[in-house]
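Worksheet: one structure, shown below.
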Protein chains: 2
Amino acid sequence: MGEEISNKQVILNNIVKTSVKESDMSLRTSKIQLKIPSGCDGAVLVKNLYLSIDPFIINRMRPLEGYYIASYTLDSPISGYGVSKVLDSTHPNFKTGELVWGFTGWEEYSLIKDPILLFKAPDKDLPLSYYTGILGMPGMTAYAGFFEVCSPKKGETVYVSSASGAIGQLVGQFAKTAGCYVVGSAGSKEKSAVALMKVDLLKNKFGFDEAFNYKEEQDYNVALKRYFPDGIDIYFDNVGGKMLEAVLSNMRLHGRVALCGMISQYSLEQHEGIHNLFNHLITKRIRMEGFFVSNYYDLYPKFLEMVVPLIKEEKITYIEDIAEGIESAPRALVGLYSGRNVGKQVVVVARE
Amino acid sequence: MGEEISNKQVILNNIVKTSVKESDMSLRTSKIQLKIPSGCDGAVLVKNLYLSIDPFIINRMRPLEGYYIASYTLDSPISGYGVSKVLDSTHPNFKTGELVWGFTGWEEYSLIKDPILLFKAPDKDLPLSYYTGILGMPGMTAYAGFFEVCSPKKGETVYVSSASGAIGQLVGQFAKTAGCYVVGSAGSKEKSAVALMKVDLLKNKFGFDEAFNYKEEQDYNVALKRYFPDGIDIYFDNVGGKMLEAVLSNMRLHGRVALCGMISQYSLEQHEGIHNLFNHLITKRIRMEGFFVSNYYDLYPKFLEMVVPLIKEEKITYIEDIAEGIESAPRALVGLYSGRNVGKQVVVVARE
């Protein structure tokens, strides 16, 4: 028998209808044995170190149909990506003491019964938290969405929305390495100081050619024409809605749109419609494609080969917004939808 | 000097705001010399035999912006695809007496000053009118849209709207040759007898697995679930609007949508919006692509290699709706938008 210790968890209290509030979640302390129960083959018991706070979480807080991943169960811990340390394993691929990243629970310790989405996190020269970001799911998403879905060519014009976020900051930097002209937008519903900081980061830290605060623009169409007088070849969409519609009307012939996420729509009861697809998509022969990073994880080794040297040579940079303690997870999640975070939102549960 | 003879023309009277009426066009008789004027190098003078009546015509009857082909000039003949005989040529590629198809005018004789979209029509074993349809632009559109844009695989499910039209009837038959399950919809705003005939053609002449009259369906979603209980892999969209939205919610994982045309939207002042793109495109990882046949004409020889034997071996069939005389062109065009035609709408100007 392993030691039984207390396990703080973030629980979903109720189904979320529109926007998520901190009170939709609560903190609970349960007990867990630090050993995999007998008869539980192929499982991994982990201590969670970093939780990745991602936009898709809200979608799992309501009933989902079809092909998306499952909704959360009420009164159970929220789950998502994280970085963890293996405490016990009955799975042949994972050993006690190893560091891993992938799907885990919003709790101090998790018993992962079927670790189908768990990867090793071996690179000790880089911050471990990077496996929630540049070296993890957001990194792979930026890589697959930009290089695989958008097929960029040198000299093309690229627009990234939500550009200072976990994925956007990388898409912009990847686009610069590919020889593209890149413009990013960012913003914040709360404080203009945060928005200023984000726009400054885009230009001065991530090397975007231009950047703007979308909250200050009356008309997205006018803003896009200012930065793309000859139109947009590639749009990496993290927001959807009215911005997507404005971008489509500014796309160039044979443009490509990677639909990564639609954070502007997740809190709406009825999603906004995109009008005039004939003018947008047919006359300009646009390809618009929704994608999931999970279809591209076979490229993970190839991605690491590209990105690790870029980080070590300081040719690419990554900004994280780190909140301390599992107690901060509900507030960190809520802040994501109002743009309070600057960079990838991470929660530290424990540092080792 | 060539002989000067009378030349009946179909003229655009005014800009079309919503739906097109016969009175938006009129017949005029002008004069033309049957010889290319001196100093007009690289031109072709043709006698028009068959005019191709196509859905895109209405779009050129109003002001157009951006990347689409130019609007018509008021009080000038309408132009579009047709089959013609060369009467005189100062262009090195075309000789007097040759049969050609491509862009010409809605008139008895046309002086084509810059024949950039003109192809030879050499196959004398097949009906010459086929170069307005299966052997011309609609054939190439069906071929490029289905094989190049949709990348079909054997056993996949395919849905075609406006399936008895110039392009749809071919997409369905191509899909059957590719080993797919194919369902088509057709309809008519006017007479249910026409709709019955179309649905009958789809099943009994073109070999679609199932067919339905969309005008009889209260809820497209219910109709699609009836014919595609496990969802749709490929949608060849000729109509847009509410049908496109219903199809997107019935697409399968990794489905592909070729946006060919949106005839349901052309007569509307404000196009309908497509909602819920997040659920439609991202969670199911759908690729949606607008395309123009003009980007694929380099495949025309390859297309002919495939399609001519299929026609000669009667493995593929093609239905035309032929109206007699250039005077019938305005009525034939108007009928297209209410679904009055059964099969490819052609106007015979002269038989030789």
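Just so we're on the same page: first chain in the structure tokens is A, next is B, and so on; residues restart at 1 for each chain, and ligands are numbered from 1 in the order they show up.
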### Long-range neighbours of Phe212 of chain B as a list of chain:residue names, 8 Å cut-off, only C-alpha atoms, 6 positions minimum in chain
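Here the answer would be B:Gly184, B:Ser185, B:Ala186, B:Val199.
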Only all heavy atoms, please: the residues just picked out, written as a tab-separated table (two decimals), in the first residue's frame.
```tsv
chain	number	residue	atom	x	y	z
B	184	GLY	N	-27.91	13.01	-54.75
B	184	GLY	CA	-28.08	14.32	-55.36
B	184	GLY	C	-29.42	14.93	-55.00
B	184	GLY	O	-30.38	14.20	-54.74
B	185	SER	N	-29.47	16.24	-54.96
B	185	SER	CA	-30.76	16.90	-54.81
B	185	SER	C	-30.98	17.81	-55.99
B	185	SER	O	-30.05	18.32	-56.61
B	185	SER	CB	-30.82	17.69	-53.51
B	185	SER	OG	-29.85	18.70	-53.49
B	186	ALA	N	-32.25	17.98	-56.33
B	186	ALA	CA	-32.64	18.87	-57.41
B	186	ALA	C	-34.00	19.43	-57.05
B	186	ALA	O	-34.60	19.03	-56.06
B	186	ALA	CB	-32.68	18.10	-58.73
B	199	VAL	N	-35.47	14.41	-60.43
B	199	VAL	CA	-35.12	13.41	-59.43
B	199	VAL	C	-35.06	12.02	-60.09
B	199	VAL	O	-34.16	11.21	-59.81
B	199	VAL	CB	-36.13	13.45	-58.25
B	199	VAL	CG1	-35.91	12.27	-57.32
B	199	VAL	CG2	-35.97	14.77	-57.49
```
### Task
Find the residues around segment 34-42 of chain A up to 12 Å (only C-alpha atoms counted), leave out those fewer than 4 positions away in its own chain, and share them as a list in words.
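The residues that qualify are Met1, Gly2, Glu3, Glu4, Ile5, Ser6, Asn7, Val46, Lys47, Val86, Leu87, Asp88, Ser89, Thr90, His91, Pro92, Asn93, Phe94, Lys95, Thr96, Glu108, Tyr109, Ser110, Leu111, Ile112, Lys113, Asp114, Pro115 and Ile116 of chain A.
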### Task
Would you give me, as number ranges by chain, the residues of chain A that come within 10 Å of chain B, using only C-alpha atoms?
A: 64-69, 149, 239-241, 249-250, 252-254, 256-263, 265-266, 270-292, 295
### Query
Within 6 Å of segment 76-78 of chain B, counting only C-alpha atoms, which residues qualify if same-chain residues fewer than 2 places away don't, as a ChimeraX atom specification?
/B:9-11,73-74,105-106
The selected residues should be written to file as a short mmCIF file (atom, residue, chain, number, x, y, z; two decimals), in the first residue's frame (atoms: C-alpha atoms).
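This went into result-v4.cif:
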```cif
data_model
loop_
_atom_site.label_atom_id
_atom_site.label_comp_id
_atom_site.auth_asym_id
_atom_site.auth_seq_id
_atom_site.Cartn_x
_atom_site.Cartn_y
_atom_site.Cartn_z
CA GLN B 9 -27.39 40.54 -80.26
CA VAL B 10 -28.67 40.10 -76.69
CA ILE B 11 -28.03 43.38 -74.89
CA THR B 73 -21.14 47.02 -70.08
CA LEU B 74 -24.67 48.36 -70.43
CA GLY B 105 -20.70 37.06 -77.28
CA TRP B 106 -24.45 36.50 -77.13
#
```
### Task
Going by DSSP on the backbone, which bits of segment 221-289 of chain A are strand (DSSP E or B)? Write them as an NGL selection string, please.
:A and (232-237 or 251-259 or 274 or 287-289)
### Task
Quote the spacing between atom CA of Pro229 of chain A and atom CA of Gly255 of chain A in Å to one decimal place.
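Calculated distance between atom CA of Pro229 of chain A and atom CA of Gly255 of chain A is 14.9 Å.
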#### Entry: Interatomic distance, atom CA of Phe146 of chain B to atom CA of Ala329 of chain B (Å, one decimal)
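The value is 29.3 Å.
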